[in-house]
$ cat structure_22.txt   # compact mmCIF, C-alpha atoms
# COMPACT_ATOMS: atom_id res chain seq x y z
CA MET A 18 193.81 79.11 173.56
CA PRO A 19 193.81 77.71 177.12
CA ALA A 20 190.60 77.96 179.14
CA SER A 21 192.12 80.52 181.49
CA ALA A 22 193.00 83.00 178.76
CA HIS A 23 191.81 86.56 179.26
CA SER A 24 190.23 88.43 176.37
CA TYR A 25 191.93 91.48 174.86
CA ASN A 26 189.41 93.71 176.55
CA VAL A 27 189.97 92.27 180.02
CA ARG A 28 193.72 92.53 179.60
CA ILE A 29 193.88 96.06 178.22
CA CYS A 30 191.37 97.39 180.74
CA HIS A 31 193.17 95.66 183.58
CA TRP A 32 196.48 97.40 182.95
CA ILE A 33 194.96 100.82 182.17
CA ASN A 34 193.02 100.40 185.40
CA LEU A 35 196.21 99.62 187.30
CA VAL A 36 197.89 102.81 186.04
CA ALA A 37 194.77 104.88 186.85
CA CYS A 38 194.46 103.38 190.34
CA VAL A 39 198.13 103.98 191.16
CA TYR A 40 197.75 107.63 190.16
CA LEU A 41 194.42 107.93 192.01
CA LEU A 42 195.89 106.48 195.18
CA TRP A 43 199.08 108.55 195.04
CA SER A 44 197.31 111.81 194.21
CA GLY A 45 194.60 111.06 196.78
CA ILE A 46 197.28 110.66 199.47
CA HIS A 47 198.67 114.06 198.43
CA ILE A 48 195.23 115.65 198.74
CA LEU A 49 194.59 114.06 202.13
CA LEU A 50 198.01 115.05 203.52
CA ASP A 51 197.19 118.66 202.75
CA PHE A 52 194.29 118.51 205.16
CA PRO A 53 195.07 115.51 207.36
CA GLU A 54 191.85 115.28 209.34
CA LEU A 55 188.53 113.54 208.72
CA TYR A 56 185.13 114.60 210.00
CA TRP A 57 181.52 113.42 210.03
CA GLY A 58 178.50 115.35 208.75
CA ASN A 59 178.54 118.46 206.59
CA THR A 60 181.06 120.49 208.54
CA GLY A 61 184.76 120.00 209.13
CA TYR A 62 187.57 122.51 209.49
CA ARG A 63 190.73 122.99 211.50
CA GLY A 64 189.62 123.22 215.12
CA TYR A 65 186.28 121.44 214.60
CA PRO A 66 185.90 118.06 216.39
CA ALA A 67 187.48 115.49 214.10
CA ALA A 68 186.73 111.79 213.65
CA PHE A 69 190.34 111.12 212.68
CA ARG A 70 193.49 113.19 212.96
CA LEU A 71 196.76 112.16 211.38
CA ALA A 72 198.49 114.06 214.22
CA ASP A 73 197.24 111.33 216.58
CA LEU A 74 199.35 108.89 214.60
CA GLY A 75 202.44 111.05 215.10
CA LEU A 76 202.51 113.09 211.88
CA SER A 77 201.83 116.74 212.68
CA TRP A 78 199.62 118.95 210.50
CA ASP A 79 202.58 120.95 209.24
CA ASP A 80 204.74 117.91 208.50
CA ALA A 81 201.85 116.31 206.61
CA GLY A 82 201.34 119.56 204.67
CA ARG A 83 204.98 119.56 203.62
CA LEU A 84 204.65 115.99 202.30
CA GLY A 85 201.44 116.60 200.35
CA ASP A 86 201.15 118.74 197.23
CA ARG A 87 197.46 119.31 196.63
CA ARG A 88 197.94 121.15 193.34
CA TRP A 89 199.68 118.12 191.85
CA GLY A 90 197.24 115.88 193.71
CA ARG A 91 194.07 117.55 192.49
CA ASN A 92 195.21 117.80 188.87
CA TYR A 93 196.10 114.11 188.69
CA HIS A 94 193.24 112.83 190.86
CA PHE A 95 190.59 114.37 188.63
CA THR A 96 192.43 113.39 185.46
CA PHE A 97 192.79 109.73 186.38
CA ALA A 98 189.28 109.64 187.84
CA TRP A 99 188.10 110.17 184.24
CA VAL A 100 190.56 107.55 182.90
CA PHE A 101 189.33 105.13 185.58
CA LEU A 102 185.65 105.87 184.86
CA ILE A 103 185.85 105.68 181.06
CA ASN A 104 188.05 102.56 181.16
CA GLY A 105 185.63 100.97 183.64
CA LEU A 106 182.60 101.77 181.49
CA ILE A 107 184.30 100.28 178.43
CA TYR A 108 185.19 97.18 180.45
CA VAL A 109 181.65 96.69 181.72
CA ALA A 110 179.98 97.48 178.39
CA TRP A 111 182.29 95.19 176.46
CA ASN A 112 181.91 92.32 178.89
CA LEU A 113 178.15 92.62 178.99
CA TYR A 114 178.21 92.48 175.19
CA SER A 115 180.68 89.60 175.01
CA LYS A 116 178.91 87.70 177.82
CA HIS A 117 182.15 87.56 179.84
CA PHE A 118 180.21 88.36 183.01
CA ARG A 119 177.55 85.75 182.31
CA GLU A 120 179.97 83.00 181.38
CA GLN A 121 182.83 83.67 183.77
CA MET A 122 181.31 85.50 186.70
CA LEU A 123 177.72 84.30 187.09
CA THR A 124 178.14 80.65 186.12
CA ALA A 125 179.81 78.26 188.53
CA LYS A 126 182.77 76.53 186.95
CA PRO A 127 185.36 74.38 188.65
CA ALA A 128 188.50 76.41 189.36
CA SER A 129 190.59 73.50 188.06
CA ASN A 130 189.01 74.14 184.67
CA GLY A 131 190.35 77.71 184.61
CA GLY A 132 187.12 79.32 185.82
CA TYR A 133 186.82 81.63 188.80
CA GLY A 134 185.93 80.10 192.17
CA THR A 135 182.70 81.15 193.95
CA LEU A 136 184.51 83.41 196.41
CA GLN A 137 186.54 84.93 193.60
CA ARG A 138 183.44 85.56 191.47
CA THR A 139 181.60 87.15 194.37
CA ALA A 140 184.61 89.30 195.22
CA TYR A 141 185.01 90.62 191.67
CA LEU A 142 181.27 91.27 191.21
CA VAL A 143 181.04 93.13 194.52
CA LEU A 144 184.15 95.09 193.61
CA ILE A 145 182.88 96.12 190.18
CA PHE A 146 179.22 96.75 190.93
CA VAL A 147 179.24 97.89 194.57
CA PHE A 148 182.66 99.07 195.57
CA VAL A 149 183.65 101.05 192.48
CA PRO A 150 180.32 102.93 192.28
CA PHE A 151 180.70 103.67 196.00
CA MET A 152 184.16 105.19 195.39
CA ILE A 153 182.86 107.31 192.52
CA LEU A 154 179.78 108.52 194.41
CA THR A 155 181.66 109.34 197.64
CA GLY A 156 184.16 111.16 195.43
CA ILE A 157 181.68 113.39 193.61
CA ALA A 158 179.68 113.91 196.82
CA GLN A 159 182.59 116.15 197.85
CA SER A 160 182.29 118.31 194.73
CA PRO A 161 180.40 121.62 194.98
CA GLY A 162 179.43 121.40 191.29
CA PHE A 163 178.15 117.82 191.25
CA THR A 164 176.31 118.21 194.57
CA ALA A 165 174.53 121.35 193.32
CA ALA A 166 173.18 119.21 190.47
CA MET A 167 172.62 116.10 192.60
CA PRO A 168 172.00 117.16 196.21
CA TRP A 169 170.83 113.63 197.06
CA LEU A 170 174.51 112.68 197.09
CA LEU A 171 174.86 114.65 200.32
CA ASP A 172 171.91 112.85 201.91
CA MET A 173 173.12 109.48 200.70
CA PHE A 174 176.33 109.67 202.73
CA GLY A 175 175.24 111.93 205.58
CA GLY A 176 177.08 115.03 204.40
CA ARG A 177 180.12 116.18 202.48
CA GLN A 178 182.63 115.47 205.24
CA SER A 179 181.12 112.02 205.82
CA ALA A 180 181.56 111.33 202.10
CA ARG A 181 185.21 112.38 202.35
CA THR A 182 185.71 110.09 205.36
CA LEU A 183 183.96 107.15 203.66
CA HIS A 184 185.99 107.76 200.48
CA THR A 185 189.17 107.46 202.57
CA ILE A 186 188.02 104.35 204.45
CA ALA A 187 186.99 102.73 201.15
CA THR A 188 190.44 103.51 199.75
CA VAL A 189 192.06 101.59 202.60
CA ALA A 190 189.68 98.69 201.96
CA LEU A 191 190.48 98.80 198.25
CA VAL A 192 194.22 98.70 198.94
CA LEU A 193 193.65 95.65 201.16
CA PHE A 194 191.63 94.02 198.37
CA VAL A 195 194.49 94.60 195.91
CA VAL A 196 196.97 93.13 198.39
CA GLY A 197 194.71 90.07 198.65
CA HIS A 198 194.34 89.94 194.87
CA VAL A 199 198.14 90.02 194.31
CA PHE A 200 198.59 87.42 197.05
CA GLN A 201 196.08 85.13 195.31
CA VAL A 202 197.85 85.60 192.00
CA ALA A 203 201.15 84.80 193.70
CA ALA A 204 199.69 81.67 195.29
CA ALA A 205 198.31 80.54 191.93
CA GLY A 206 201.68 80.97 190.23
CA PHE A 207 202.68 84.59 189.78
CA VAL A 208 204.55 84.30 186.48
CA THR A 209 201.90 82.23 184.72
CA LYS A 210 199.02 84.39 185.95
CA VAL A 211 200.65 87.71 185.13
CA ARG A 212 201.64 86.33 181.73
CA SER A 213 198.03 85.34 181.08
CA MET A 214 196.92 88.88 181.94
CA ILE A 215 199.48 90.25 179.47
CA THR A 216 199.48 87.82 176.57
CA GLY A 217 196.10 86.16 177.06
CA MET B 30 158.96 98.33 177.58
CA THR B 31 161.77 99.80 179.64
CA LYS B 32 163.56 100.70 176.44
CA HIS B 33 160.49 102.56 175.20
CA ILE B 34 160.25 104.72 178.33
CA SER B 35 163.93 105.56 178.40
CA ARG B 36 163.82 106.59 174.74
CA ARG B 37 160.88 108.85 175.46
CA ALA B 38 162.76 110.37 178.43
CA LEU B 39 165.75 110.90 176.18
CA LEU B 40 163.66 112.66 173.55
CA ALA B 41 162.04 114.82 176.22
CA SER B 42 165.48 116.04 177.30
CA VAL B 43 166.32 117.33 173.83
CA PRO B 44 164.23 120.53 173.97
CA ALA B 45 165.58 121.20 177.49
CA LEU B 46 169.11 121.00 176.14
CA GLY B 47 168.18 123.12 173.16
CA GLY B 48 166.73 125.78 175.44
CA PHE B 49 169.93 125.74 177.45
CA LEU B 50 172.05 126.20 174.34
CA LEU B 51 169.86 129.06 173.14
CA THR B 52 170.01 131.04 176.38
CA GLY B 53 173.35 132.59 175.68
CA CYS B 54 175.54 129.60 176.41
CA SER B 55 178.55 129.31 174.19
CA ARG B 56 182.11 127.99 174.23
CA GLU B 57 182.76 129.75 177.56
CA THR B 58 180.05 127.74 179.25
CA PHE B 59 181.80 124.44 178.59
CA LEU B 60 185.51 125.19 178.26
CA PRO B 61 188.02 127.03 180.45
CA PRO B 62 189.46 130.26 178.94
CA ARG B 63 192.66 128.41 178.13
CA VAL B 64 192.50 124.64 177.75
CA ARG B 65 195.59 122.95 179.15
CA GLY B 66 197.48 120.36 177.13
CA GLY B 67 197.47 116.58 177.46
CA LEU B 68 195.28 114.36 179.58
CA ILE B 69 194.90 117.00 182.30
CA GLY B 70 193.39 119.42 179.79
CA ALA B 71 191.05 116.74 178.44
CA ALA B 72 189.92 115.99 181.99
CA ASP B 73 189.36 119.72 182.65
CA VAL B 74 187.04 119.88 179.65
CA LEU B 75 185.18 116.71 180.66
CA THR B 76 184.71 117.95 184.22
CA MET B 77 183.54 121.42 183.28
CA SER B 78 181.25 120.39 180.43
CA THR B 79 179.71 117.56 182.48
CA ASN B 80 179.07 119.94 185.36
CA ARG B 81 177.58 122.57 183.11
CA LEU B 82 175.26 120.10 181.40
CA LEU B 83 174.09 118.81 184.77
CA LEU B 84 173.64 122.38 186.01
CA SER B 85 171.94 123.65 182.87
CA GLY B 86 168.85 124.49 184.91
CA GLN B 87 170.96 126.83 187.11
CA GLN B 88 169.94 124.76 190.14
CA LEU B 89 170.78 126.23 193.52
CA ALA B 90 173.50 124.73 195.66
CA ARG B 91 172.08 123.24 198.84
CA GLU B 92 170.98 125.71 201.48
CA TYR B 93 171.14 124.61 205.10
CA SER B 94 169.34 125.45 208.33
CA ARG B 95 170.56 128.05 210.82
CA SER B 96 171.45 125.33 213.31
CA GLU B 97 174.26 124.15 211.02
CA ILE B 98 176.01 127.52 210.84
CA ALA B 99 179.64 127.76 211.95
CA ASP B 100 179.92 130.78 214.23
CA PRO B 101 182.52 132.19 214.33
CA PHE B 102 183.12 131.22 210.74
CA PRO B 103 186.67 129.84 210.25
CA THR B 104 189.26 132.11 208.65
CA TRP B 105 191.89 130.83 206.29
CA ASN B 106 194.80 132.28 204.30
CA GLN B 107 194.59 136.09 203.92
CA THR B 108 192.87 137.73 206.88
CA ASN B 109 194.09 141.35 206.57
CA PRO B 110 195.66 142.63 203.33
CA LYS B 111 198.78 144.73 203.87
CA ASN B 112 197.94 146.99 200.91
CA ALA B 113 198.22 150.61 202.13
CA GLU B 114 195.12 151.73 200.26
CA TYR B 115 193.12 148.88 201.82
CA GLN B 116 194.36 149.85 205.27
CA LEU B 117 193.46 153.50 204.66
CA HIS B 118 189.92 152.60 203.55
CA ALA B 119 189.64 150.19 206.45
CA SER B 120 190.55 152.96 208.90
CA GLU B 121 187.65 154.97 207.43
CA GLY B 122 185.29 152.01 207.58
CA PHE B 123 185.25 151.92 203.75
CA LYS B 124 182.99 154.99 203.83
CA ASN B 125 184.99 156.74 201.09
CA TRP B 126 185.46 153.71 198.90
CA ARG B 127 183.61 152.89 195.68
CA LEU B 128 183.47 149.56 193.85
CA PRO B 129 184.29 150.29 190.18
CA ILE B 130 182.40 148.33 187.52
CA SER B 131 184.21 148.91 184.26
CA GLY B 132 184.94 147.36 180.87
CA LEU B 133 182.28 145.94 178.59
CA VAL B 134 179.24 147.34 180.38
CA ALA B 135 176.76 149.86 179.00
CA ARG B 136 177.45 152.54 181.67
CA PRO B 137 180.65 152.00 183.69
CA ARG B 138 180.11 153.28 187.21
CA GLU B 139 181.16 153.04 190.84
CA LEU B 140 179.01 151.88 193.74
CA SER B 141 179.50 152.70 197.39
CA LEU B 142 179.03 150.08 200.06
CA ASP B 143 175.76 151.74 201.06
CA GLU B 144 174.54 151.68 197.45
CA LEU B 145 175.38 147.94 197.27
CA LYS B 146 173.50 147.35 200.50
CA GLY B 147 170.56 149.28 199.04
CA LEU B 148 170.17 146.80 196.18
CA PRO B 149 167.78 143.87 196.60
CA ALA B 150 169.70 141.51 198.85
CA ARG B 151 169.91 137.75 198.92
CA THR B 152 170.63 135.75 202.07
CA GLN B 153 171.75 132.15 201.73
CA ILE B 154 172.97 129.55 204.20
CA THR B 155 175.49 127.59 202.18
CA ALA B 156 178.62 125.51 202.60
CA HIS B 157 181.99 127.01 201.83
CA ILE B 158 183.89 124.10 200.32
CA CYS B 159 187.64 124.53 200.33
CA GLU B 160 189.61 122.61 197.75
CA GLN B 161 191.89 121.50 200.60
CA GLY B 162 189.06 119.43 202.02
CA TRP B 163 187.44 121.51 204.74
CA SER B 164 183.92 122.84 204.64
CA ALA B 165 181.87 125.12 206.86
CA ILE B 166 178.36 126.54 206.64
CA GLY B 167 177.69 130.25 206.83
CA GLU B 168 174.78 132.60 206.31
CA TRP B 169 175.83 135.02 203.59
CA THR B 170 174.00 138.24 202.74
CA GLY B 171 174.81 140.26 199.67
CA ALA B 172 173.85 141.72 196.34
CA PRO B 173 173.54 139.34 193.37
CA LEU B 174 176.49 139.97 191.02
CA GLN B 175 174.17 139.98 188.02
CA ARG B 176 172.12 142.77 189.65
CA VAL B 177 175.25 144.78 190.42
CA ILE B 178 176.33 144.57 186.78
CA GLU B 179 172.84 145.67 185.72
CA GLU B 180 173.43 148.80 187.81
CA ALA B 181 176.17 149.53 185.28
CA GLY B 182 173.71 149.01 182.42
CA GLY B 183 174.45 145.32 181.91
CA VAL B 184 177.11 143.71 179.73
CA THR B 185 177.64 144.50 176.06
CA PRO B 186 177.28 141.72 173.43
CA ALA B 187 181.06 141.17 173.27
CA ALA B 188 181.32 140.43 177.02
CA ARG B 189 182.51 136.93 177.95
CA TYR B 190 184.02 137.08 181.46
CA VAL B 191 183.65 139.11 184.62
CA VAL B 192 187.03 139.70 186.25
CA ILE B 193 187.24 140.44 189.94
CA ASP B 194 190.38 141.95 191.47
CA THR B 195 191.15 141.91 195.19
CA TRP B 196 193.05 144.12 197.62
CA ASP B 197 195.70 141.46 198.11
CA GLY B 198 196.52 141.26 194.41
CA TRP B 199 194.45 138.26 193.34
CA TYR B 200 192.15 138.11 190.35
CA GLU B 201 189.71 135.55 188.97
CA GLY B 202 187.57 135.38 185.85
CA TYR B 203 183.99 134.06 185.84
CA ASP B 204 182.00 133.19 182.74
CA LEU B 205 178.55 134.72 182.35
CA PHE B 206 176.82 131.42 183.20
CA GLU B 207 178.35 131.56 186.67
CA VAL B 208 177.59 135.29 187.00
CA ALA B 209 173.92 134.74 186.14
CA HIS B 210 173.41 132.22 188.94
CA ALA B 211 171.06 133.39 191.70
CA GLN B 212 173.52 132.42 194.45
CA THR B 213 176.43 134.31 192.90
CA ILE B 214 176.48 137.30 195.25
CA LEU B 215 178.81 140.00 196.51
CA ALA B 216 178.48 139.31 200.22
CA TYR B 217 178.78 142.05 202.82
CA GLY B 218 177.15 140.12 205.64
CA LEU B 219 177.96 136.88 207.41
CA ASN B 220 175.87 135.09 210.05
CA GLY B 221 173.59 138.09 210.55
CA GLY B 222 176.37 140.63 211.13
CA GLU B 223 178.82 142.56 209.00
CA LEU B 224 181.35 140.44 207.11
CA PRO B 225 184.33 140.11 209.50
CA ARG B 226 187.72 141.31 208.28
CA GLY B 227 189.16 137.80 208.42
CA ASN B 228 186.45 136.63 206.01
CA GLY B 229 187.04 139.35 203.42
CA TRP B 230 185.60 142.62 204.75
CA PRO B 231 184.06 144.67 203.30
CA LEU B 232 183.04 142.53 200.33
CA ARG B 233 183.62 138.96 199.19
CA LEU B 234 182.32 136.86 196.34
CA ARG B 235 180.17 133.77 196.81
CA VAL B 236 180.08 131.29 193.92
CA GLU B 237 178.41 128.37 195.64
CA ARG B 238 178.95 125.75 192.93
CA GLN B 239 182.73 126.13 192.97
CA CYS B 240 185.50 125.53 195.50
CA GLY B 241 186.64 128.04 198.07
CA TYR B 242 189.45 129.52 196.02
CA LYS B 243 187.00 130.94 193.49
CA ASN B 244 185.16 132.71 196.34
CA LEU B 245 187.49 135.72 196.45
CA LYS B 246 187.77 137.88 199.55
CA PHE B 247 188.59 141.60 199.88
CA LEU B 248 187.06 142.63 196.55
CA LYS B 249 188.51 145.75 194.98
CA SER B 250 187.04 146.09 191.50
CA ILE B 251 184.93 144.44 188.81
CA ARG B 252 185.64 144.61 185.09
CA VAL B 253 183.90 142.90 182.21
CA VAL B 254 186.10 141.60 179.38
CA ASP B 255 185.82 139.71 176.10
CA SER B 256 188.84 137.49 176.78
CA MET B 257 191.09 136.44 179.66
CA ALA B 258 194.16 136.54 177.41
CA GLY B 259 196.55 139.26 178.50
CA ILE B 260 195.35 139.28 182.10
CA GLY B 261 197.91 137.74 184.46
CA ARG B 262 199.35 134.71 182.69
CA GLY B 263 196.20 134.42 180.60
CA THR B 264 194.79 131.25 182.14
CA GLY B 265 191.76 133.03 183.58
CA GLY B 266 192.72 133.62 187.22
CA THR B 267 195.42 133.69 189.86
CA ASN B 268 194.67 130.12 190.92
CA SER B 269 194.89 128.71 187.43
CA ASP B 270 198.03 130.82 186.83
CA PHE B 271 199.44 128.77 189.72
CA GLY B 272 198.35 125.51 188.06
CA PHE B 273 195.04 124.81 189.80
CA HIS B 274 191.85 124.09 187.84
CA TRP B 275 190.25 127.21 186.42
CA TYR B 276 186.81 125.62 186.75
CA ALA B 277 186.68 124.62 190.39
CA GLY B 278 183.40 122.67 190.49
CA VAL B 279 185.31 119.66 191.84
$ encode --input "structure_22.txt" --output "structure tokens"
Amino acid sequence: MPASAHSYNVRICHWINLVACVYLLWSGIHILLDFPELYWGNTGYRGYPAAFRLADLGLSWDDAGRLGDRRWGRNYHFTFAWVFLINGLIYVAWNLYSKHFREQMLTAKPASNGGYGTLQRTAYLVLIFVFVPFMILTGIAQSPGFTAAMPWLLDMFGGRQSARTLHTIATVALVLFVVGHVFQVAAAGFVTKVRSMITG
Amino acid sequence: MTKHISRRALLASVPALGGFLLTGCSRETFLPPRVRGGLIGAADVLTMSTNRLLLSGQQLAREYSRSEIADPFPTWNQTNPKNAEYQLHASEGFKNWRLPISGLVARPRELSLDELKGLPARTQITAHICEQGWSAIGEWTGAPLQRVIEEAGGVTPAARYVVIDTWDGWYEGYDLFEVAHAQTILAYGLNGGELPRGNGWPLRLRVERQCGYKNLKFLKSIRVVDSMAGIGRGTGGTNSDFGFHWYAGV
């Protein structure tokens, strides 16, 4: 087995994660299009001063509404949020157990030897342990059920509408990260790298 | 050491959970009336049961200060039902209307608006959270739904859901856990005045731990049932008949 081989767990979780993230992104866009404005604080409704309006980018409220189907969006967003969460927990638990994090992510290894570079390691650790929890928390901070049980979520992000805005901004950042990630894979030899994520 | 403390905390939570399970919480507390198929149905169950475990103490949804109130409160969707009977009652200021409470209650009865207003009232400044993404804070005044049902002698042992019908033809079912919550009220007041027509006059439901679409406007009647099967398409409400989540805590 070459040094760069990925374990079964990393590979399976990676591709389940990809499917979940595609659904989350697509359904999230549907949900957003149905109410294409973002606000700050606890309050935000049509006519209330907005922090961002899609109409300012040329897509009117009604046109956006016709493009977005929130019933489809909500059903799939909350389904794949669970797939994403459970898959992520399995990934983290397994890799803590198998010492993948300790050996691959926390220990410096020359990239030429198949290890991750310092920047790469930092990026993946920040993604997994900062960014993903941030997405989950800003997501459930919009939920009337979860916030009744955990009202500190509202204080953490400065209100429900702020959480919705931060959730959207973080989505854009995440998409940019994935673009960077695919670009890196392409630069490192797309076919070889993708094959290693499929076959090990 | 850390392990020891967390184990003790875990053990301490067992009686709390047991108490929760003993206080009349059954299948209906954790599962929608009809569980959908596939991954979507599995996610529905995970969402609802997780919420209900977290909310087992019947915690209140956040209440805000007066300064955060939206006045006038935004109106959305139905603002004036066309129903002829509604319009007739509206022209009489709902003076000759009674709210029927029927089905699996000890003494089915009807309550006038004045009788509802005579019950111990609850006022709460809470956020209305629409599933579309908007939210606004209002000061709602009304009679707790649980108290209203007690006026009809309370539910019988077979009761599982409270069904609310509206003047514009909508219906929704609520399990008894939701009904028992202190903030579940039939609101007749908003922001210190009478509930405006655009917000559901004369009576609307507030279920503060669920999305806007479960907070029905223009209430017409209340019935207590043992099952949601046979009502509408049998999913438990108009919204879920359309394919939305029945449990709207997210």
$ residues_around --input "structure_22.txt" --residues "Gln161 of chain B" --least-positions-apart "3" --cutoff "9 Å" --atoms "all atoms listed in the file" --output "number ranges by chain"
A: 48-49, 51-52, 87; B: 158, 241
$ atom_distance --input "structure_22.txt" --atom1 "atom CA of Ala72 of chain A" --atom2 "atom CA of Leu55 of chain A"
11.4 Å
$ interface_residues --input "structure_22.txt" --of "chain B" --to "chain A" --cutoff "10 Å" --atoms "all atoms listed in the file" --output "PyMOL selection string"
chain B and resi 67-73+75-77+79-93+97-99+102-105+156-166+236-241+268+271-274+276-279
$ closest_residue --input "structure_22.txt" --among "A:Phe118, A:Phe148, A:Phe101, A:Tyr141" --to "Cys30 of chain A" --atoms "all atoms listed in the file"
A:Phe101
$ residues_around --input "structure_22.txt" --residues "Leu142 of chain B" --least-positions-apart "3" --cutoff "7 Å" --atoms "only C-alpha atoms" --output "list in words"
Arg127, Leu145 and Lys146 of chain B
$ closest_atom_pairs --input "structure_22.txt" --of "segment 177-220 of chain B" --to "segment 226-230 of chain B" --cutoff "12 Å" --atoms "only C-alpha atoms" --output "Markdown table"
| residue | atom | partner | partner_atom | distance |
| --- | --- | --- | --- | --- |
| B:Thr195 | CA | B:Gly229 | CA | 9.5 |
| B:Trp196 | CA | B:Gly229 | CA | 9.6 |
| B:Asp197 | CA | B:Gly229 | CA | 10.4 |
| B:Leu215 | CA | B:Gly229 | CA | 10.8 |
| B:Ala216 | CA | B:Trp230 | CA | 9.1 |
| B:Tyr217 | CA | B:Trp230 | CA | 7.1 |
| B:Gly218 | CA | B:Trp230 | CA | 8.9 |
| B:Leu219 | CA | B:Asn228 | CA | 8.6 |
| B:Asn220 | CA | B:Asn228 | CA | 11.4 |
